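Chemist: So that we are looking at the same thing, I have put the structure below in structure tokens.
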Protein chains: 2
Amino acid sequence: MECQNYGLNRSIEREYLNLNPLQRGGVLSAAAREALYDFGDGYSVCDYCAGRLDEISKPSIGGFLEDLAKFINVDAVRTVHGAREGKFAIMHALCDNGDSIVLDGNAHYTSHLAAERNHLNIIEVPSTGSPEFEITPEKYHETLENALDTHGEIKLALLTHVDGNYGNLTNAKKIGKICQDAGVPILLNCAYSIGRLPIDAKDLNVDFVVGSGHKSMAASGPIGVLGMKEEWEGKLLQKSPRHQKKEIEMLGCTSRGAPIATLMASLPHLIDRVSKWDDEVDKARNFVSQMEEIDGVMQVGLRPTNHDLVRFETPFFHEIAQKHSRRGFFLYEELKKRKIVGIKRGQTEWFKCSAYGMTEEQVDYIAASFKEIAEKSVN
Amino acid sequence: MECQNYGLNRSIEREYLNLNPLQRGGVLSAAAREALYDFGDGYSVCDYCAGRLDEISKPSIGGFLEDLAKFINVDAVRTVHGAREGKFAIMHALCDNGDSIVLDGNAHYTSHLAAERNHLNIIEVPSTGSPEFEITPEKYHETLENALDTHGEIKLALLTHVDGNYGNLTNAKKIGKICQDAGVPILLNCAYSIGRLPIDAKDLNVDFVVGSGHKSMAASGPIGVLGMKEEWEGKLLQKSPRHQKKEIEMLGCTSRGAPIATLMASLPHLIDRVSKWDDEVDKARNFVSQMEEIDGVMQVGLRPTNHDLVRFETPFFHEIAQKHSRRGFFLYEELKKRKIVGIKRGQTEWFKCSAYGMTEEQVDYIAASFKEIAEKSVN
């Protein structure tokens, strides 16, 4: 048989400034590029395995997991295939079919899918709605109390640390305490925070954290991290009665090649970059100010933003699209001419973007490009 | 914080002949090496996603999955994180807590873990035991009939196409027919066959197949394939009521980076190499003959072998180890001097190995090295 042409090449990160928030935090570090080369083949990290991935000593996956646990301050950590797989595993280990869990109204779709795959009932904490879409500790408290009244037991609460729609940073420490006081274990979804900003799970009063290597930890996908307090190790890392070295919820081993090698190589880079998180926030705020100089462009979500992922409502560009010969495509095309990508083709009513990891000059250039397109379009 | 030194480098595949059966089929093709370079960053395949991984058109994941389905002759296929994750998903979609499933006595430990994670009861079809360890259709039939008598309903049967201990190729076609006739859906674990030898799922009378990208498909781990007959699509690929594009059992998307890019790049190479499978079997048989010239070395499992993974019992080397100054390490060390690795350090009683993908000359060199070590050790 003959294969189709899959168009299997990608030069976006080499040739363009990519504003897609999904892609900004997963760009490999230089050390990860080297690890990718060495560990590209199949099961590459398993040469010296004696039965447990997390105990392999060459390369030292055991040592890496110790460091990773320290980095996010958890008692135990495993790599999983992504934040979603971590959430699924936690729900699977803690809950039974038909149980109810509480989660915030800005939760990622994969939090819903992990619950649905576990046949769980979802109780949502509503956000404050437009324009801030905030998840307040008060509302979380109220919803959790009501859920406990109605269902007697809530086996898990989930909070999205930074959501993927507005880049809102939630008050995890306060909500963690609320759950703790109510005796409900809480999982913090840190897909957009671990690897970007400093995370101290114990200080945040959470039982579990999940993070995403490909989203925020300069690693090749798919890989995530699952960190937990000691008291949950028995449940989450329970061993098979038949294969006594193997952890059931992990199906024995999880990450088996380039993703874990790249994540290991990137850890020193992550330790360094989270210490400069304030600069990233300043850059994002500066970007927002410049963008809002265009009349009819405004950031929604909490203001000033506390994250690089920002969402704009852009009625200005949407009006232009109505009359433009290229209709909704004009914005994408004008940006692309200027070597900027990452805003979805055809989208002009609103968009999310991020300049994480870019220089001030690049950010200024991007903002200036938007302004230039705006001016050109009205003339 | 300071990171430990993880010893993150690997040159085994460049500098040694690696006999570890786990590593032979996952060595990247040249095209996959190129894809690895382009798609190393984070979520690299998701630039043009409109909500469904399996429908992305650039790179054409949709086109690739069509070709992959044709390659193994299934109606629908998805990539998963590995064969084990595919087995878990099938069991999860078909079975309820406490259900019983039938599987063969040579099943991989991950088949057991997938069942344990789903709280299933395992009924085993025993092999014929030493020295052949064969899973016969007759015994499979008998066990399945007994299980049906005892439990009324068996929701799934599993057969290991080629097991990882003896490299025994089972009669999937006949056992598939037995399950079909009994009205029990059957899953064929092809971790050691898809990508090495031609697979036609329909001709083999199976409902599901799983394969492993890192084990046998020249792809960067972790990635597997999950193929199914049309009648199972509704159950396995059921969509979320809340997020209507997303498949629940897949948690929305599975492979999100280098693993799928490398698998896509390797597909033409796989199509070519499975057509030369007979040569690989001849090579393995030739290797066995040469090894058995050493008195006290014999292949166990089905004879002549039908797979590149072969297991030897080696009382000859074990006896030497008792008296050797380096004890059980002598074999590993002597091989390493000759640039041969992949036999576990300290292991002399028996070992598994594979010369898959090596040249005749390399195989002859390896066999000659074992003989040389044998001769040297008795003198």
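Residue numbering restarts at 1 for every chain of the structure tokens, chains are lettered A, B, ... in their displayed order, and ligands are numbered from 1 as they appear.
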Mind listing as number ranges by chain which residues of chain A are within 7 Å of chain B, counting only C-alpha atoms?
Modeler: A: 3-4, 6-11, 23, 26-28, 35, 38-43, 58-60, 63-64, 67, 110, 113-114, 116-117, 214-215, 218-222, 240, 248-249, 251-252, 255-258, 268
Chemist: Store the residues picked out above, limited to C-alpha atoms, as a compact mmCIF listing (two decimals), in the first residue's frame.
Modeler:
# COMPACT_ATOMS: atom_id res chain seq x y z
CA CYS A 3 0.77 6.22 2.18
CA GLN A 4 -0.85 9.61 1.74
CA TYR A 6 0.87 13.84 5.63
CA GLY A 7 2.64 17.18 5.22
CA LEU A 8 4.84 16.17 8.10
CA ASN A 9 6.93 19.26 8.67
CA ARG A 10 6.80 22.13 11.12
CA SER A 11 8.80 25.33 11.12
CA GLN A 23 2.52 26.31 22.44
CA GLY A 26 6.27 23.68 25.70
CA VAL A 27 9.09 24.99 23.54
CA LEU A 28 12.09 22.83 24.40
CA ALA A 35 18.05 14.84 25.28
CA ASP A 38 19.78 10.88 22.54
CA PHE A 39 16.44 9.50 23.71
CA GLY A 40 14.43 9.56 20.50
CA ASP A 41 14.26 5.80 20.01
CA GLY A 42 11.29 3.80 21.30
CA TYR A 43 11.69 2.79 24.92
CA LYS A 58 20.56 5.43 34.48
CA PRO A 59 19.32 7.91 33.49
CA SER A 60 18.42 8.74 37.07
CA GLY A 63 16.81 11.30 41.28
CA PHE A 64 14.76 13.40 38.91
CA ASP A 67 14.03 16.89 42.56
CA THR A 110 -10.43 17.53 30.18
CA LEU A 113 -13.94 14.32 30.48
CA ALA A 114 -11.90 12.74 33.28
CA GLU A 116 -17.28 11.59 32.71
CA ARG A 117 -14.90 8.71 32.00
CA HIS A 214 4.03 19.89 26.93
CA LYS A 215 1.96 22.87 28.04
CA ALA A 218 9.47 22.80 28.14
CA ALA A 219 9.01 19.11 27.40
CA SER A 220 8.07 17.05 24.40
CA GLY A 221 4.48 15.79 24.70
CA PRO A 222 2.77 13.82 25.97
CA SER A 240 -0.49 -4.98 42.02
CA ILE A 248 -1.86 -0.38 39.27
CA GLU A 249 -3.08 3.16 38.65
CA LEU A 251 -0.43 0.57 34.63
CA GLY A 252 3.12 -0.26 35.69
CA SER A 255 6.43 7.83 30.33
CA ARG A 256 8.70 5.59 28.35
CA GLY A 257 10.87 7.74 26.10
CA ALA A 258 11.60 11.22 24.80
CA PRO A 268 17.10 23.20 35.73
Chemist: According to DSSP computed on the backbone, where in segment 43-180 of chain B is there helix (DSSP H, G or I)? Give the residues as number ranges by chain.
Modeler: B: 44-46, 53-55, 61-72, 83-94, 109-117, 137-151, 172-180
Chemist: Hey, what's within 9 Å of Leu144 of chain B if we count only C-alpha atoms and toss same-chain stuff fewer than 4 positions away? As a VMD selection string, please?
Modeler: chain B and resid 102 123 125 139 to 140 148 to 149 154 157 178 to 179 182
Chemist: For a test of reading the model, state the distance in Å between atom CA of Met291 of chain B and atom CA of Ala367 of chain B, rounded to one decimal.
Modeler: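 We find that atom CA of Met291 of chain B and atom CA of Ala367 of chain B lie 5.9 Å from each other.
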Chemist: Using only C-alpha atoms, which residues sit within 10 Å of Pro304 of chain A once same-chain residues fewer than 5 positions away are excluded, as a list in words?
Modeler: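 My list of contacting residues is Val281, Asp282, Ala284, Arg285, Val288, Ser289 and Gln299 of chain A.
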Chemist: Kindly export the residues of the current selection with all heavy atoms, as a compact mmCIF listing (two decimals), in the first residue's frame.
Modeler:
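Below is the file that was written, selection_27.txt:
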# COMPACT_ATOMS: atom_id res chain seq x y z
N VAL A 281 4.81 38.41 33.92
CA VAL A 281 3.54 39.08 34.21
C VAL A 281 3.63 40.55 33.78
O VAL A 281 2.71 41.08 33.13
CB VAL A 281 3.15 38.94 35.69
CG1 VAL A 281 1.91 39.76 36.01
CG2 VAL A 281 2.93 37.47 36.05
N ASP A 282 4.75 41.20 34.10
CA ASP A 282 4.93 42.60 33.67
C ASP A 282 4.83 42.71 32.15
O ASP A 282 4.21 43.63 31.62
CB ASP A 282 6.31 43.12 34.10
CG ASP A 282 6.36 43.37 35.61
OD1 ASP A 282 5.28 43.43 36.23
OD2 ASP A 282 7.48 43.49 36.15
N ALA A 284 3.26 40.74 30.11
CA ALA A 284 1.87 40.52 29.68
C ALA A 284 1.04 41.78 29.91
O ALA A 284 0.23 42.19 29.07
CB ALA A 284 1.26 39.33 30.43
N ARG A 285 1.27 42.43 31.05
CA ARG A 285 0.51 43.66 31.35
C ARG A 285 0.86 44.77 30.37
O ARG A 285 -0.01 45.51 29.90
CB ARG A 285 0.78 44.10 32.79
CG ARG A 285 0.16 43.16 33.81
CD ARG A 285 0.48 43.57 35.23
NE ARG A 285 -0.14 42.64 36.17
CZ ARG A 285 0.00 42.71 37.49
NH1 ARG A 285 0.74 43.67 38.04
NH2 ARG A 285 -0.60 41.83 38.26
N VAL A 288 -0.87 44.05 27.16
CA VAL A 288 -2.29 44.42 27.26
C VAL A 288 -2.46 45.93 27.09
O VAL A 288 -3.31 46.39 26.31
CB VAL A 288 -2.91 43.94 28.60
CG1 VAL A 288 -4.29 44.55 28.81
CG2 VAL A 288 -2.99 42.41 28.64
N SER A 289 -1.64 46.71 27.79
CA SER A 289 -1.76 48.18 27.67
C SER A 289 -1.60 48.63 26.23
O SER A 289 -2.36 49.45 25.73
CB SER A 289 -0.69 48.92 28.47
OG SER A 289 -0.50 48.36 29.70
N GLN A 299 -9.02 43.63 27.19
CA GLN A 299 -8.74 42.35 27.85
C GLN A 299 -9.90 42.01 28.76
O GLN A 299 -10.41 42.88 29.48
CB GLN A 299 -7.44 42.48 28.67
CG GLN A 299 -7.00 41.18 29.32
CD GLN A 299 -6.71 41.33 30.80
OE1 GLN A 299 -6.23 42.37 31.24
NE2 GLN A 299 -6.99 40.28 31.56
Chemist: Let me make sure I understand: among B:Val310, B:Val77, B:Trp350, B:Ala30, which one has the smallest atom-to-atom distance to Leu237 of chain B if we use only C-alpha atoms?
Modeler: B:Val77
Chemist: Determine which residues of segment 14-197 of chain A DSSP labels as strand (DSSP E or B) from the backbone of this structure, then write them out as a PyMOL selection string.
Modeler: chain A and resi 17-18+57+60+76-80+100-104+121-125+157-160+162+169+186-189+194+197
Chemist: Could you work out how far atom CA of Glu349 of chain A lies from atom CA of Phe317 of chain A, giving the answer in Å with one decimal?
Modeler: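 Here the two named atoms are 6.9 Å from each other.
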Chemist: So the first atom is atom CA of Asp96 of chain A and the second is atom CA of Leu156 of chain B; what is the distance between them in Å, to one decimal place?
Modeler: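 Computed distance, atom CA of Asp96 of chain A to atom CA of Leu156 of chain B, equals 22.1 Å.
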Chemist: Can you tell me, as a VMD selection string, what residues are no more than 7 Å from Ile72 of chain A when counting only C-alpha atoms, ignoring any on the same chain fewer than 3 positions away?
Modeler: chain A and resid 68 to 69 199 to 201
Chemist: Take the selection from the previous step and output its residues with N, CA and C atoms, as a tab-separated table (two decimals), in the first residue's frame.
Modeler:
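The result, stored in out20.tsv:
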chain	number	residue	atom	x	y	z
A	68	LEU	N	11.95	16.82	41.37
A	68	LEU	CA	10.64	17.33	40.91
A	68	LEU	C	9.70	17.51	42.11
A	69	ALA	N	9.72	16.55	43.03
A	69	ALA	CA	8.88	16.63	44.22
A	69	ALA	C	9.25	17.87	45.04
A	199	ILE	N	5.42	26.97	42.34
A	199	ILE	CA	4.30	26.25	42.95
A	199	ILE	C	4.81	25.56	44.22
A	200	ASP	N	4.08	25.77	45.31
A	200	ASP	CA	4.39	25.08	46.56
A	200	ASP	C	3.07	24.45	47.02
A	201	ALA	N	2.91	23.17	46.69
A	201	ALA	CA	1.63	22.50	46.92
A	201	ALA	C	1.21	22.54	48.38
